[in-house]
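Here's the structure we're looking at; comments come further down.
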Amino acid sequence: MPAPAPSLKSMLEGLIGTLSVSSVTPDFDHSNRPLVELLAGWLEQAGFAVEILEIPGHPDKCNLLATLGSGPGGLVLAGHTDTVPFNAPLWDHDPLKLTEADGRYYGLGTSDMKSFFAFAIEAARGFAAADLKCPLMILATADEESAMHGARALANAGRPIGRYAVIGEPTGLRPVRLHKGVMGEAVRLVGRSGHASDPSLGNNALEGMHEAMSALLAWREELKQSYRHDAFQIPYPTLNLGHIHGGDNPNRICGDCELHLDMRLLPGLTAEDLRTELARRVSEVGERRGLKWSVAPLFEAIPPAETPAESAIVRASETLTGHAAEAVNFGTEAPFFNQLGMETLVLGPGDIAQAHQPNEYLLLERIPPTLEILRSLIRQFCVEGGA
């Protein structure tokens with residue numbers, strides 16, 4: 001008989017107290033192995049078969065897959081092990097210590113979303129492998145907050161995991177079945193510098209970018225008129241001009257200018273198609289003005305995700321929560337899970353307003369309904385094997 005996992009509060013303390021920041025900035029980035037090893041120990045105690053999955057090219061990062069029971073199909077309770085970087089002086093409580101106050105648990109990862117692993121293990125307490133017609137799996141991934149290396153590695157490996165998945169991202173216990181994709185692009189124009197007193201001595205890249213920006217804002221309006229998905233609060237794709245830098249001194253003609261933009265994609269749109277159109281519009285400006293141009297991704301795009309409204313996991317979550325499944329504008333690992341054949345739902349006790357903020361917290365009142373929802377899903381999809 002396996003030994004029981006620690007108490008729920010002890011698991012929460014361990015998760016919050018284990019640093020697992022991921023970042024594209026190397027100085028802020030940390031390995032997630034200590035947290036994965038902590039989870040592995042608890043899950044083995046709880047009777048799960050545990051696999052630690054290496055991520056090619058990232059030796060200090062790994063995924064974890066823990067399985068209770070056997071057979072085809074099954075339910076995956078999934079989350080990411082990492083958090084965003086934090087600025088401790090802005091917190092009223094130690095971000096790496098679970099603190100209970102004001103009906104809340106404070107700490108980095110309480111809402112987004114390390115605490116979900118403790119709830120998944122607690123919900124599984126009392127179920128044995130012999131009870132299950134279909135397996136229950138707990139999946140922990142790396143680097144969701146930076147480059148999604150963990151989820152991408154799973155999708156690239158192509159290994160089937162389960163039929164249904166619930167990702168415990170912060171949704172306020174409201175089910176989410178679709179979200180937009182995310183892409184970030186760098187547009188660069190290169191001209192020729194020269195003395196500012198004589199415009200003929202150079203070719204101003206900053207002026208060229210001004211024209212390119214006008215073209216992109218016109219394209220933004222075209223996208224808004226051409227594509228619509230009424231499930232979203234903002235029912236059209238968005239394009240945001242977020243960062244620009246050009247030149248080095250006011251008395252020099254600007255020889256180089258770079259613009260960074262963010263796009264949010266509706267289901268049905270692909271980053272490849274949009275990047276092709278972006279490049280076409282930038283090239284028209286560049287060629288007309290005699291400027292060298294380039295368009296390059298700032299990161300590998302996150303595709304949109306959509307799980308059908310009639311999916312069993314969607315219908316079950318709607319019944320259990322009393323809320324119709326929604327759409328959100330932020331991205332998750334759902335599209336990569338869907339690539340593996342899983343029908344994926346996003347549902348967790350935290351709030352997105354708490355994510356990436358000082359004094360991140362989880363309302364204590366969310367814990368009992370979270371556990372009841374997860375236990376009900378385990379019963380339906382693992383014990384009863386329902387579809």
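Identifiers in the structure tokens: chain A, B, ... in order shown; residue index from 1 per chain; ligand index from 1 in order shown.
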Among segment 96-298 of chain A, which residues does DSSP mark as helix (DSSP H, G or I) when it is run on the backbone? Keep the chain and numbering as in the structure and answer as a ChimeraX atom specification. /A:115-124,129-131,149-157,199-201,205-226,271-289
All strand (DSSP E or B) positions in segment 134-279 of chain A, as JSON, numbers by chain: {"A": [136, 137, 138, 139, 140, 141, 164, 165, 166, 167, 176, 177, 178, 179, 181, 182, 183, 184, 185, 186, 187, 188, 189, 190, 192, 195, 203, 238, 239, 240, 241, 242, 243, 244, 245, 246, 252, 256, 257, 258, 259, 260, 261, 262, 263, 264, 265]}
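Coordinates place atom CA of Ser146 of chain A at a distance of 14.3 Å from atom CA of Gly79 of chain A.
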Contacts of Ala355 of chain A at 10 Å (only C-alpha atoms; same-chain gap of 6+ positions) as an NGL selection string: :A and (83-84 or 108-113 or 169-170 or 361)
Pick from A:Lys97, A:Arg188, A:Arg163, A:Lys180 nearest to Phe337 of chain A, counting only C-alpha atoms: A:Arg163
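In this model, the gap between atom CA of Ala327 of chain A and atom CA of Gln233 of chain A comes to 7.7 Å.
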